[in-house]
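Participant: Got query_31.txt for you, compact mmCIF, C-alpha atoms (C1' of nucleotides):
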# COMPACT_ATOMS: atom_id res chain seq x y z
CA MET A 987 0.00 0.00 0.00
CA ASP A 988 2.92 2.31 0.70
CA LYS A 989 4.53 3.79 -2.35
CA LYS A 990 8.05 2.78 -3.08
CA GLN A 991 10.44 5.32 -4.45
CA ASP A 992 13.91 4.35 -5.53
CA LEU A 993 14.60 7.63 -7.26
CA LEU A 994 13.73 11.28 -7.16
CA GLN A 995 11.74 11.58 -10.35
CA GLY A 996 13.52 13.58 -13.00
CA THR A 997 17.00 12.94 -11.68
CA LEU A 998 17.72 9.73 -13.55
CA ASP A 999 18.87 11.52 -16.69
CA VAL A 1000 21.44 13.64 -14.95
CA LEU A 1001 22.67 10.64 -12.98
CA ILE A 1002 23.19 8.64 -16.15
CA LEU A 1003 24.92 11.52 -17.92
CA LYS A 1004 27.25 11.94 -14.98
CA ILE A 1005 28.19 8.27 -14.80
CA VAL A 1006 28.82 8.12 -18.54
CA ALA A 1007 30.93 11.25 -18.25
CA LEU A 1008 33.32 9.25 -16.07
CA GLY A 1009 34.08 7.04 -19.05
CA PRO A 1010 32.41 4.77 -21.62
CA ILE A 1011 30.22 2.21 -19.92
CA HIS A 1012 27.32 -0.09 -20.74
CA GLY A 1013 23.79 0.18 -19.43
CA TYR A 1014 23.91 -2.55 -16.86
CA GLY A 1015 27.14 -1.11 -15.56
CA ILE A 1016 25.58 2.32 -15.18
CA ALA A 1017 22.92 0.93 -12.86
CA GLN A 1018 25.59 -0.86 -10.85
CA ARG A 1019 27.74 2.25 -10.52
CA ILE A 1020 24.80 4.37 -9.40
CA ASN A 1021 23.87 1.76 -6.86
CA GLN A 1022 27.42 1.45 -5.64
CA ILE A 1023 28.35 5.14 -5.43
CA SER A 1024 25.09 5.98 -3.68
CA LYS A 1025 25.77 3.24 -1.14
CA GLU A 1026 22.74 1.24 -2.20
CA VAL A 1027 20.41 4.19 -1.65
CA LEU A 1028 19.56 4.69 -5.32
CA GLN A 1029 18.22 1.58 -7.04
CA VAL A 1030 17.74 1.94 -10.77
CA GLN A 1031 15.19 -0.52 -12.14
CA GLN A 1032 15.86 -1.92 -15.58
CA GLY A 1033 12.42 -0.72 -16.63
CA SER A 1034 13.58 2.81 -15.89
CA LEU A 1035 17.14 2.42 -17.10
CA TYR A 1036 16.73 1.24 -20.65
CA PRO A 1037 13.97 3.64 -21.66
CA ALA A 1038 16.07 6.45 -20.19
CA LEU A 1039 19.12 5.38 -22.18
CA HIS A 1040 17.11 5.33 -25.40
CA ARG A 1041 15.66 8.71 -24.53
CA LEU A 1042 19.13 10.19 -24.05
CA GLU A 1043 20.35 8.55 -27.23
CA ASN A 1044 17.44 9.98 -29.20
CA ARG A 1045 18.22 13.44 -27.90
CA GLU A 1046 21.78 12.85 -29.01
CA TRP A 1047 23.29 13.36 -25.60
CA LEU A 1048 24.70 9.85 -25.75
CA THR A 1049 26.10 7.72 -28.54
CA ALA A 1050 26.22 3.96 -28.36
CA GLU A 1051 28.58 1.36 -29.71
CA TRP A 1052 28.51 -2.41 -29.31
CA ARG A 1053 31.63 -3.84 -27.83
CA ASP A 1054 32.79 -7.25 -26.83
CA VAL A 1055 33.09 -7.88 -23.11
CA ASN A 1056 34.35 -11.35 -22.17
CA GLY A 1057 33.01 -12.81 -25.38
CA ARG A 1058 29.66 -11.13 -24.94
CA GLU A 1059 28.11 -8.12 -26.63
CA ALA A 1060 27.40 -5.02 -24.58
CA LYS A 1061 26.28 -1.57 -25.64
CA PHE A 1062 28.74 1.07 -24.54
CA TYR A 1063 27.64 4.66 -24.14
CA THR A 1064 29.65 7.82 -24.54
CA LEU A 1065 28.76 11.46 -23.95
CA THR A 1066 28.38 13.67 -26.99
CA ARG A 1067 29.41 17.29 -26.90
CA ALA A 1068 25.77 18.23 -26.47
CA GLY A 1069 25.52 15.64 -23.70
CA ARG A 1070 28.38 17.24 -21.85
CA LYS A 1071 26.64 20.59 -22.07
CA GLN A 1072 23.38 19.04 -20.94
CA LEU A 1073 25.08 17.45 -17.96
CA GLN A 1074 26.33 20.85 -16.96
CA THR A 1075 22.97 22.59 -17.16
CA GLU A 1076 21.13 19.73 -15.49
CA THR A 1077 23.66 19.64 -12.68
CA GLN A 1078 23.18 23.34 -12.10
CA ASN A 1079 19.45 22.88 -12.21
CA TRP A 1080 19.66 20.15 -9.61
CA GLU A 1081 21.72 22.34 -7.30
CA ARG A 1082 19.30 25.21 -7.73
CA LEU A 1083 16.21 23.14 -7.03
CA SER A 1084 17.58 20.97 -4.26
CA ASP A 1085 18.99 23.99 -2.47
CA ALA A 1086 15.57 25.59 -2.68
CA VAL A 1087 13.86 22.52 -1.26
CA SER A 1088 16.36 22.30 1.58
CA LEU A 1089 15.81 25.96 2.31
CA ILE A 1090 12.13 25.32 2.85
CA LEU A 1091 12.59 22.14 4.85
CA ARG A 1092 14.91 24.01 7.19
CA ALA A 1093 12.65 27.05 7.45
CA ALA A 1094 11.71 28.10 10.95
CA GLU A 1095 8.57 29.96 11.87
CA MET B 1483 10.10 22.41 -27.04
CA ASP B 1484 12.23 22.58 -23.91
CA LYS B 1485 10.66 21.07 -20.85
CA LYS B 1486 9.90 23.40 -18.02
CA GLN B 1487 10.36 22.15 -14.50
CA ASP B 1488 9.25 24.25 -11.60
CA LEU B 1489 9.55 21.43 -9.08
CA LEU B 1490 11.40 18.24 -8.37
CA GLN B 1491 8.70 15.67 -8.81
CA GLY B 1492 7.65 14.07 -5.55
CA THR B 1493 8.74 16.97 -3.38
CA LEU B 1494 5.55 18.98 -3.46
CA ASP B 1495 3.89 16.98 -0.70
CA VAL B 1496 6.72 17.41 1.76
CA LEU B 1497 6.98 21.10 0.92
CA ILE B 1498 3.31 21.63 1.62
CA LEU B 1499 3.45 19.63 4.85
CA LYS B 1500 6.38 21.70 6.01
CA ILE B 1501 4.73 25.04 5.26
CA VAL B 1502 1.54 23.99 6.98
CA ALA B 1503 3.60 22.82 9.96
CA LEU B 1504 4.66 26.44 10.45
CA GLY B 1505 1.05 27.34 11.19
CA PRO B 1506 -2.47 27.18 9.71
CA ILE B 1507 -2.52 28.65 6.25
CA HIS B 1508 -4.67 28.56 3.15
CA GLY B 1509 -3.74 27.04 -0.20
CA TYR B 1510 -2.95 30.19 -2.07
CA GLY B 1511 -0.79 31.31 0.84
CA ILE B 1512 1.14 28.04 0.75
CA ALA B 1513 2.15 28.63 -2.84
CA GLN B 1514 3.20 32.17 -1.98
CA ARG B 1515 5.28 31.06 0.99
CA ILE B 1516 7.05 28.37 -1.03
CA ASN B 1517 7.78 30.87 -3.73
CA GLN B 1518 9.00 33.44 -1.25
CA ILE B 1519 11.16 31.23 0.97
CA SER B 1520 12.77 29.59 -2.06
CA LYS B 1521 13.59 33.02 -3.43
CA GLU B 1522 11.37 32.55 -6.47
CA VAL B 1523 13.12 29.30 -7.44
CA LEU B 1524 10.16 27.02 -6.73
CA GLN B 1525 6.98 27.99 -8.55
CA VAL B 1526 3.94 25.98 -7.55
CA GLN B 1527 1.28 25.97 -10.26
CA GLN B 1528 -2.32 25.99 -9.13
CA GLY B 1529 -2.93 22.87 -11.19
CA SER B 1530 -0.38 21.12 -9.00
CA LEU B 1531 -1.25 22.81 -5.74
CA TYR B 1532 -4.94 22.09 -5.35
CA PRO B 1533 -4.84 18.43 -6.38
CA ALA B 1534 -1.96 17.97 -3.97
CA LEU B 1535 -3.90 19.58 -1.13
CA HIS B 1536 -6.88 17.32 -1.77
CA ARG B 1537 -4.55 14.35 -1.92
CA LEU B 1538 -3.04 15.21 1.46
CA GLU B 1539 -6.48 15.85 2.91
CA ASN B 1540 -7.71 12.46 1.67
CA ARG B 1541 -4.78 10.76 3.29
CA GLU B 1542 -5.68 12.61 6.45
CA TRP B 1543 -2.36 14.35 6.81
CA LEU B 1544 -4.13 17.70 6.63
CA THR B 1545 -7.46 18.93 7.88
CA ALA B 1546 -9.21 21.91 6.39
CA GLU B 1547 -11.48 24.57 7.79
CA TRP B 1548 -13.07 27.56 6.06
CA ARG B 1549 -12.25 30.87 7.61
CA ASP B 1550 -13.04 34.43 6.86
CA VAL B 1551 -10.15 36.53 5.62
CA ASN B 1552 -10.94 40.19 4.97
CA GLY B 1553 -14.56 39.33 4.29
CA ARG B 1554 -13.64 36.47 1.98
CA GLU B 1555 -13.74 32.70 2.47
CA ALA B 1556 -10.46 30.83 2.47
CA LYS B 1557 -9.71 27.20 3.28
CA PHE B 1558 -7.18 26.93 6.07
CA TYR B 1559 -5.13 23.79 6.46
CA THR B 1560 -3.66 22.30 9.61
CA LEU B 1561 -1.39 19.28 10.12
CA THR B 1562 -2.88 16.22 11.73
CA ARG B 1563 -0.84 14.04 14.03
CA ALA B 1564 -0.34 11.61 11.16
CA GLY B 1565 0.67 14.53 8.96
CA ARG B 1566 3.34 15.54 11.43
CA LYS B 1567 4.70 12.02 11.36
CA GLN B 1568 4.54 11.94 7.58
CA LEU B 1569 6.44 15.22 7.38
CA GLN B 1570 9.17 13.68 9.48
CA THR B 1571 9.57 10.53 7.39
CA GLU B 1572 9.34 12.42 4.09
CA THR B 1573 11.94 14.90 5.24
CA GLN B 1574 14.30 12.07 6.14
CA ASN B 1575 13.59 10.45 2.80
CA TRP B 1576 14.43 13.68 1.02
CA GLU B 1577 17.74 13.99 2.86
CA ARG B 1578 18.60 10.40 2.08
CA LEU B 1579 17.82 10.63 -1.62
CA SER B 1580 19.19 14.10 -2.25
CA ASP B 1581 22.42 13.27 -0.45
CA ALA B 1582 22.75 10.19 -2.66
CA VAL B 1583 22.20 12.22 -5.82
CA SER B 1584 24.73 14.82 -4.73
CA LEU B 1585 27.20 12.06 -4.00
CA ILE B 1586 26.99 10.86 -7.57
CA LEU B 1587 27.08 14.31 -9.12
CA ARG B 1588 30.25 15.04 -7.19
CA ALA B 1589 31.84 11.69 -7.99
CA ALA B 1590 35.28 11.82 -9.57
CA GLU B 1591 36.74 9.19 -11.80
C1' DC C 977 23.64 -29.29 -16.26
C1' DC C 978 21.59 -26.22 -13.05
C1' DG C 979 21.17 -21.75 -11.29
C1' DC C 980 22.81 -17.18 -10.77
C1' DA C 981 24.71 -12.96 -12.44
C1' DT C 982 25.13 -10.46 -16.40
C1' DA C 983 23.17 -7.88 -20.32
C1' DC C 984 19.62 -6.40 -23.26
C1' DC C 985 14.78 -5.23 -23.86
C1' DT C 986 9.29 -4.19 -23.81
C1' DT C 987 4.61 -3.60 -22.14
C1' DG C 988 1.05 -1.72 -19.20
C1' DA C 989 -0.32 0.70 -15.28
C1' DC C 990 0.13 4.46 -12.33
C1' DA C 991 1.13 8.88 -10.28
C1' DA C 992 2.57 13.64 -10.33
C1' DT C 993 2.91 17.66 -12.75
C1' DC C 994 1.82 21.13 -16.25
C1' DT C 995 -1.04 23.73 -19.37
C1' DA C 996 -5.07 25.64 -19.88
C1' DC C 997 -9.14 26.60 -18.54
C1' DC C 998 -13.14 28.17 -15.22
C1' DT C 999 -15.62 31.01 -11.24
C1' DA C 1000 -15.80 34.72 -7.89
C1' DT C 1001 -14.31 38.59 -4.76
C1' DT C 1002 -11.56 42.63 -3.21
C1' DC C 1003 -9.15 46.70 -4.09
C1' DA C 1004 -6.67 50.30 -6.48
C1' DA C 1005 -6.40 53.17 -10.40
C1' DT C 1006 -8.61 55.42 -13.88
C1' DA D 234 -18.42 53.85 -12.57
C1' DT D 235 -15.39 50.58 -14.74
C1' DT D 236 -11.53 48.04 -15.56
C1' DG D 237 -7.83 45.08 -14.35
C1' DA D 238 -4.74 42.93 -11.09
C1' DA D 239 -4.33 40.19 -7.23
C1' DT D 240 -6.47 36.94 -4.40
C1' DA D 241 -8.79 32.47 -3.65
C1' DG D 242 -10.86 28.36 -5.06
C1' DG D 243 -11.21 24.75 -8.49
C1' DT D 244 -11.20 21.08 -12.80
C1' DA D 245 -9.86 18.44 -17.29
C1' DG D 246 -6.62 16.61 -20.45
C1' DA D 247 -2.16 15.54 -21.91
C1' DT D 248 2.36 14.44 -21.02
C1' DT D 249 5.97 12.23 -18.70
C1' DG D 250 8.76 9.30 -15.81
C1' DT D 251 8.97 5.39 -13.07
C1' DC D 252 7.75 0.83 -11.57
C1' DA D 253 6.22 -3.96 -11.77
C1' DA D 254 6.43 -7.65 -14.36
C1' DG D 255 7.47 -10.03 -17.94
C1' DG D 256 10.70 -11.65 -21.84
C1' DT D 257 15.43 -13.32 -24.37
C1' DA D 258 20.12 -14.91 -24.15
C1' DT D 259 25.01 -15.76 -22.58
C1' DG D 260 28.88 -16.93 -19.36
C1' DC D 261 30.42 -19.16 -15.39
C1' DG D 262 30.82 -21.68 -10.96
C1' DG D 263 29.43 -25.62 -8.55
Go through the file and emit its structure as structure tokens.

Facilitator:
Amino acid sequence: MDKKQDLLQGTLDVLILKIVALGPIHGYGIAQRINQISKEVLQVQQGSLYPALHRLENREWLTAEWRDVNGREAKFYTLTRAGRKQLQTETQNWERLSDAVSLILRAAE
Amino acid sequence: MDKKQDLLQGTLDVLILKIVALGPIHGYGIAQRINQISKEVLQVQQGSLYPALHRLENREWLTAEWRDVNGREAKFYTLTRAGRKQLQTETQNWERLSDAVSLILRAAE
DNA sequence: CCGCATACCTTGACAATCTACCTATTCAAT
DNA sequence: ATTGAATAGGTAGATTGTCAAGGTATGCGG
């Protein structure tokens, strides 16, 4: 009955862009990195991950390339120039909005 | 074409609960307070505000009462005991998730 | 050869927000 | 006297992002 929330809605894109900015990586690995860096707090479902990746690819913020990993195919993502710019603006936007929320939550009478 | 985002999705409820926790206030006033405290960063649309208030009232985290303000009717909201508890858990949840996001956005290689 | 982790994906439902509307009252400026 | 802005309440429809649940297939350890 309680709603589960693994993510703050709207933040997945910027999280993915950031992880990819650290170096080419495949989808499954992105989810693992997010999980790991956030100390298991952020859990990216595959049903959120793959649509998001396709979304970012369509907007040409990411490019993909199939590579061989231990004899298996995996789709590696890289940031485009536009993606790098987008990461920057979305990061700023996150700071702006999360600071504003914190401001309210810490507001006294 | 660009998407506008006035809010981080999922945060409106906790923002409202917090503002109401500061003292009985009507809906329109809540939006004004959020706007003001956040220094105009957070803009709550009426199409988001009123459904959210009804949602919170349905869940019995808020109770409402019509009062007269300068010869006009306005619906004043107050936190219930359950609402106070909800504010606490949602605030903690916000801290948890936003800290995790910040951790990733500040991650180095 | 079984099961788990890896790696990719899709579909359908749901929930929150936004845009765009609507009504009505008070008050200040014209 | 009239207009328009600000106040105060609301709804309807569309969009969007996420989640739950399902699917395929491969590599590897036991």

Participant: Report as JSON, numbers by chain the set of chain B residues whose atoms approach chain A to within 10 Å, with distances computed over all atoms listed in the file.

Facilitator: {"B": [1487, 1488, 1489, 1490, 1491, 1492, 1493, 1494, 1496, 1497, 1498, 1499, 1500, 1501, 1503, 1504, 1505, 1515, 1516, 1517, 1518, 1519, 1520, 1521, 1522, 1523, 1524, 1569, 1573, 1575, 1576, 1577, 1578, 1579, 1580, 1581, 1582, 1583, 1584, 1585, 1586, 1587, 1588, 1589, 1590, 1591]}

Participant: Could you write out that same residue set with C-alpha atoms as a compact mmCIF listing (two decimals), keeping the file's coordinate frame?

Facilitator:
# COMPACT_ATOMS: atom_id res chain seq x y z
CA GLN B 1487 10.36 22.15 -14.50
CA ASP B 1488 9.25 24.25 -11.60
CA LEU B 1489 9.55 21.43 -9.08
CA LEU B 1490 11.40 18.24 -8.37
CA GLN B 1491 8.70 15.67 -8.81
CA GLY B 1492 7.65 14.07 -5.55
CA THR B 1493 8.74 16.97 -3.38
CA LEU B 1494 5.55 18.98 -3.46
CA VAL B 1496 6.72 17.41 1.76
CA LEU B 1497 6.98 21.10 0.92
CA ILE B 1498 3.31 21.63 1.62
CA LEU B 1499 3.45 19.63 4.85
CA LYS B 1500 6.38 21.70 6.01
CA ILE B 1501 4.73 25.04 5.26
CA ALA B 1503 3.60 22.82 9.96
CA LEU B 1504 4.66 26.44 10.45
CA GLY B 1505 1.05 27.34 11.19
CA ARG B 1515 5.28 31.06 0.99
CA ILE B 1516 7.05 28.37 -1.03
CA ASN B 1517 7.78 30.87 -3.73
CA GLN B 1518 9.00 33.44 -1.25
CA ILE B 1519 11.16 31.23 0.97
CA SER B 1520 12.77 29.59 -2.06
CA LYS B 1521 13.59 33.02 -3.43
CA GLU B 1522 11.37 32.55 -6.47
CA VAL B 1523 13.12 29.30 -7.44
CA LEU B 1524 10.16 27.02 -6.73
CA LEU B 1569 6.44 15.22 7.38
CA THR B 1573 11.94 14.90 5.24
CA ASN B 1575 13.59 10.45 2.80
CA TRP B 1576 14.43 13.68 1.02
CA GLU B 1577 17.74 13.99 2.86
CA ARG B 1578 18.60 10.40 2.08
CA LEU B 1579 17.82 10.63 -1.62
CA SER B 1580 19.19 14.10 -2.25
CA ASP B 1581 22.42 13.27 -0.45
CA ALA B 1582 22.75 10.19 -2.66
CA VAL B 1583 22.20 12.22 -5.82
CA SER B 1584 24.73 14.82 -4.73
CA LEU B 1585 27.20 12.06 -4.00
CA ILE B 1586 26.99 10.86 -7.57
CA LEU B 1587 27.08 14.31 -9.12
CA ARG B 1588 30.25 15.04 -7.19
CA ALA B 1589 31.84 11.69 -7.99
CA ALA B 1590 35.28 11.82 -9.57
CA GLU B 1591 36.74 9.19 -11.80

Participant: Hand me chain A as it sits after a least-squares fit onto chain B over every Cα, paired in order, written as an mmCIF file with C-alpha atoms, in the coordinates of the input.

Facilitator:
data_model
loop_
_atom_site.group_PDB
_atom_site.id
_atom_site.type_symbol
_atom_site.label_atom_id
_atom_site.label_comp_id
_atom_site.auth_asym_id
_atom_site.auth_seq_id
_atom_site.Cartn_x
_atom_site.Cartn_y
_atom_site.Cartn_z
ATOM 1 C CA MET A 987 10.376 22.534 -27.083
ATOM 2 C CA ASP A 988 12.443 22.581 -23.909
ATOM 3 C CA LYS A 989 10.759 21.086 -20.906
ATOM 4 C CA LYS A 990 9.960 23.389 -18.077
ATOM 5 C CA GLN A 991 10.329 22.164 -14.555
ATOM 6 C CA ASP A 992 9.247 24.272 -11.633
ATOM 7 C CA LEU A 993 9.524 21.462 -9.133
ATOM 8 C CA LEU A 994 11.399 18.287 -8.430
ATOM 9 C CA GLN A 995 8.641 15.761 -8.913
ATOM 10 C CA GLY A 996 7.582 14.120 -5.692
ATOM 11 C CA THR A 997 8.716 16.935 -3.445
ATOM 12 C CA LEU A 998 5.543 18.997 -3.495
ATOM 13 C CA ASP A 999 3.898 16.993 -0.727
ATOM 14 C CA VAL A 1000 6.719 17.414 1.720
ATOM 15 C CA LEU A 1001 6.977 21.105 0.881
ATOM 16 C CA ILE A 1002 3.298 21.631 1.593
ATOM 17 C CA LEU A 1003 3.437 19.647 4.828
ATOM 18 C CA LYS A 1004 6.385 21.706 5.976
ATOM 19 C CA ILE A 1005 4.745 25.043 5.229
ATOM 20 C CA VAL A 1006 1.540 24.000 6.976
ATOM 21 C CA ALA A 1007 3.600 22.842 9.934
ATOM 22 C CA LEU A 1008 4.663 26.462 10.413
ATOM 23 C CA GLY A 1009 1.062 27.347 11.179
ATOM 24 C CA PRO A 1010 -2.457 27.178 9.718
ATOM 25 C CA ILE A 1011 -2.536 28.652 6.245
ATOM 26 C CA HIS A 1012 -4.698 28.561 3.133
ATOM 27 C CA GLY A 1013 -3.785 27.044 -0.201
ATOM 28 C CA TYR A 1014 -2.985 30.192 -2.077
ATOM 29 C CA GLY A 1015 -0.823 31.295 0.805
ATOM 30 C CA ILE A 1016 1.111 28.040 0.738
ATOM 31 C CA ALA A 1017 2.117 28.631 -2.872
ATOM 32 C CA GLN A 1018 3.170 32.170 -2.013
ATOM 33 C CA ARG A 1019 5.257 31.064 0.958
ATOM 34 C CA ILE A 1020 7.016 28.377 -1.063
ATOM 35 C CA ASN A 1021 7.750 30.878 -3.772
ATOM 36 C CA GLN A 1022 8.976 33.440 -1.298
ATOM 37 C CA ILE A 1023 11.140 31.214 0.912
ATOM 38 C CA SER A 1024 12.747 29.579 -2.112
ATOM 39 C CA LYS A 1025 13.571 33.014 -3.507
ATOM 40 C CA GLU A 1026 11.346 32.533 -6.527
ATOM 41 C CA VAL A 1027 13.104 29.309 -7.500
ATOM 42 C CA LEU A 1028 10.149 27.033 -6.771
ATOM 43 C CA GLN A 1029 6.955 28.008 -8.580
ATOM 44 C CA VAL A 1030 3.914 26.006 -7.573
ATOM 45 C CA GLN A 1031 1.235 26.000 -10.266
ATOM 46 C CA GLN A 1032 -2.352 26.042 -9.093
ATOM 47 C CA GLY A 1033 -2.965 22.931 -11.171
ATOM 48 C CA SER A 1034 -0.408 21.155 -9.011
ATOM 49 C CA LEU A 1035 -1.294 22.819 -5.734
ATOM 50 C CA TYR A 1036 -4.966 22.090 -5.351
ATOM 51 C CA PRO A 1037 -4.863 18.440 -6.381
ATOM 52 C CA ALA A 1038 -1.962 17.987 -3.962
ATOM 53 C CA LEU A 1039 -3.912 19.591 -1.128
ATOM 54 C CA HIS A 1040 -6.878 17.307 -1.759
ATOM 55 C CA ARG A 1041 -4.541 14.341 -1.920
ATOM 56 C CA LEU A 1042 -3.035 15.214 1.461
ATOM 57 C CA GLU A 1043 -6.469 15.827 2.916
ATOM 58 C CA ASN A 1044 -7.697 12.452 1.693
ATOM 59 C CA ARG A 1045 -4.736 10.754 3.312
ATOM 60 C CA GLU A 1046 -5.639 12.609 6.474
ATOM 61 C CA TRP A 1047 -2.324 14.360 6.802
ATOM 62 C CA LEU A 1048 -4.118 17.690 6.631
ATOM 63 C CA THR A 1049 -7.454 18.922 7.908
ATOM 64 C CA ALA A 1050 -9.220 21.901 6.429
ATOM 65 C CA GLU A 1051 -11.477 24.559 7.841
ATOM 66 C CA TRP A 1052 -13.080 27.534 6.121
ATOM 67 C CA ARG A 1053 -12.250 30.824 7.689
ATOM 68 C CA ASP A 1054 -13.036 34.404 6.955
ATOM 69 C CA VAL A 1055 -10.159 36.513 5.689
ATOM 70 C CA ASN A 1056 -11.018 40.167 5.036
ATOM 71 C CA GLY A 1057 -14.634 39.302 4.401
ATOM 72 C CA ARG A 1058 -13.722 36.465 2.086
ATOM 73 C CA GLU A 1059 -13.767 32.712 2.562
ATOM 74 C CA ALA A 1060 -10.496 30.810 2.514
ATOM 75 C CA LYS A 1061 -9.736 27.197 3.319
ATOM 76 C CA PHE A 1062 -7.203 26.913 6.100
ATOM 77 C CA TYR A 1063 -5.125 23.783 6.481
ATOM 78 C CA THR A 1064 -3.648 22.277 9.601
ATOM 79 C CA LEU A 1065 -1.362 19.294 10.116
ATOM 80 C CA THR A 1066 -2.855 16.218 11.721
ATOM 81 C CA ARG A 1067 -0.819 14.049 14.028
ATOM 82 C CA ALA A 1068 -0.323 11.618 11.172
ATOM 83 C CA GLY A 1069 0.684 14.547 8.970
ATOM 84 C CA ARG A 1070 3.360 15.556 11.415
ATOM 85 C CA LYS A 1071 4.725 12.029 11.367
ATOM 86 C CA GLN A 1072 4.575 11.958 7.588
ATOM 87 C CA LEU A 1073 6.464 15.227 7.375
ATOM 88 C CA GLN A 1074 9.184 13.699 9.470
ATOM 89 C CA THR A 1075 9.581 10.558 7.389
ATOM 90 C CA GLU A 1076 9.357 12.430 4.102
ATOM 91 C CA THR A 1077 11.952 14.927 5.258
ATOM 92 C CA GLN A 1078 14.300 12.108 6.149
ATOM 93 C CA ASN A 1079 13.608 10.475 2.833
ATOM 94 C CA TRP A 1080 14.443 13.682 1.023
ATOM 95 C CA GLU A 1081 17.737 14.011 2.872
ATOM 96 C CA ARG A 1082 18.610 10.411 2.123
ATOM 97 C CA LEU A 1083 17.843 10.651 -1.575
ATOM 98 C CA SER A 1084 19.223 14.104 -2.232
ATOM 99 C CA ASP A 1085 22.437 13.261 -0.423
ATOM 100 C CA ALA A 1086 22.748 10.190 -2.608
ATOM 101 C CA VAL A 1087 22.215 12.189 -5.784
ATOM 102 C CA SER A 1088 24.766 14.781 -4.717
ATOM 103 C CA LEU A 1089 27.215 12.015 -3.953
ATOM 104 C CA ILE A 1090 26.989 10.803 -7.520
ATOM 105 C CA LEU A 1091 27.105 14.242 -9.095
ATOM 106 C CA ARG A 1092 30.286 14.960 -7.166
ATOM 107 C CA ALA A 1093 31.850 11.589 -7.944
ATOM 108 C CA ALA A 1094 35.281 11.695 -9.509
ATOM 109 C CA GLU A 1095 36.716 9.022 -11.736
#

Participant: Using all atoms listed in the file, tabulate the residues of chain D lying at most 12 Å from any atom of chain B, each with its closest atom pair and that distance in Å to one decimal, by chain and increasing residue number, as a Markdown table.

Facilitator:
| residue | atom | partner | partner_atom | distance |
| --- | --- | --- | --- | --- |
| D:DA239 | C1' | B:Tyr1510 | CA | 11.3 |
| D:DT240 | C1' | B:Tyr1510 | CA | 8.0 |
| D:DA241 | C1' | B:Tyr1510 | CA | 6.5 |
| D:DG242 | C1' | B:Ala1556 | CA | 7.9 |
| D:DG243 | C1' | B:Tyr1532 | CA | 7.5 |
| D:DT244 | C1' | B:Gly1529 | CA | 8.6 |
| D:DA245 | C1' | B:Gly1529 | CA | 10.2 |
| D:DG246 | C1' | B:Gly1529 | CA | 11.8 |
| D:DT248 | C1' | B:Lys1485 | CA | 10.6 |
| D:DT249 | C1' | B:Lys1485 | CA | 10.2 |
| D:DG250 | C1' | B:Gln1491 | CA | 9.5 |
| D:DT251 | C1' | B:Gln1491 | CA | 11.1 |

Participant: Interatomic distance between C1' of DC994 in chain C and CA of Arg1537 in chain B?

Facilitator: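 Computing it gives 17.1 Å between the two atoms.
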
Participant: With distances taken over only C-alpha atoms (C1' of nucleotides), which residue among A:Gln1029, A:Thr1075, A:Thr1064, A:Ser1034 lies nearest chain C?

Facilitator: A:Ser1034

Participant: Please provide the set of residues having any atom within 12 Å of DG263 in chain D, restricted to only C-alpha atoms (C1' of nucleotides), with same-chain residues fewer than 6 positions apart removed, written as a ChimeraX atom specification.

Facilitator: /C:977-980

Participant: Please list as a PyMOL selection string every residue within 12 Å of DT1006 in chain C, counting all atoms listed in the file and excluding residues in the same chain fewer than 6 positions away.

Facilitator: chain D and resi 234-237

Participant: Report, in Å to a single decimal, how far apart CA of Ala1534 in chain B and C1' of DA991 in chain C are.

Facilitator: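 Straight-line distance from C1' of DA991 in chain C to CA of Ala1534 in chain B works out to 11.5 Å.
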
Participant: Could you please determine the separation between CA of Glu1547 in chain B and CA of Gln1570 in chain B in Å, to one decimal place?

Facilitator: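 CA of Gln1570 in chain B lies 23.4 Å from CA of Glu1547 in chain B.
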
Participant: So that all listed atoms of range 234-248 of chain D fit with 8 Å spare on each side, what axis-aligned box centre and edge lengths in Å, to one decimal, would you give as JSON?

Facilitator:
{"center_x": -8.0, "center_y": 34.1, "center_z": -12.8, "size_x": 36.8, "size_y": 55.4, "size_z": 34.3}

Participant: Considering all atoms listed in the file, extract the chain C residues located within 12 Å of chain B and return them as a PyMOL selection string.

Facilitator: chain C and resi 991-997+1000-1003

Participant: For Ala1050 in chain A, list every protein, DNA or RNA residue within 12 Å, evaluated using only C-alpha atoms (C1' of nucleotides), and leave out those in the same chain fewer than 6 positions away; present the list as a PyMOL selection string.

Facilitator: chain A and resi 1006+1010-1013+1039-1040+1042-1044+1060-1066

Participant: Write a file of the just-selected residues containing C-alpha atoms, as a CSV table (one decimal), keeping the file's coordinate frame.

Facilitator:
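That gives us again20.csv:
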chain,number,residue,atom,x,y,z
A,1006,VAL,CA,28.8,8.1,-18.5
A,1010,PRO,CA,32.4,4.8,-21.6
A,1011,ILE,CA,30.2,2.2,-19.9
A,1012,HIS,CA,27.3,-0.1,-20.7
A,1013,GLY,CA,23.8,0.2,-19.4
A,1039,LEU,CA,19.1,5.4,-22.2
A,1040,HIS,CA,17.1,5.3,-25.4
A,1042,LEU,CA,19.1,10.2,-24.0
A,1043,GLU,CA,20.4,8.6,-27.2
A,1044,ASN,CA,17.4,10.0,-29.2
A,1060,ALA,CA,27.4,-5.0,-24.6
A,1061,LYS,CA,26.3,-1.6,-25.6
A,1062,PHE,CA,28.7,1.1,-24.5
A,1063,TYR,CA,27.6,4.7,-24.1
A,1064,THR,CA,29.6,7.8,-24.5
A,1065,LEU,CA,28.8,11.5,-24.0
A,1066,THR,CA,28.4,13.7,-27.0
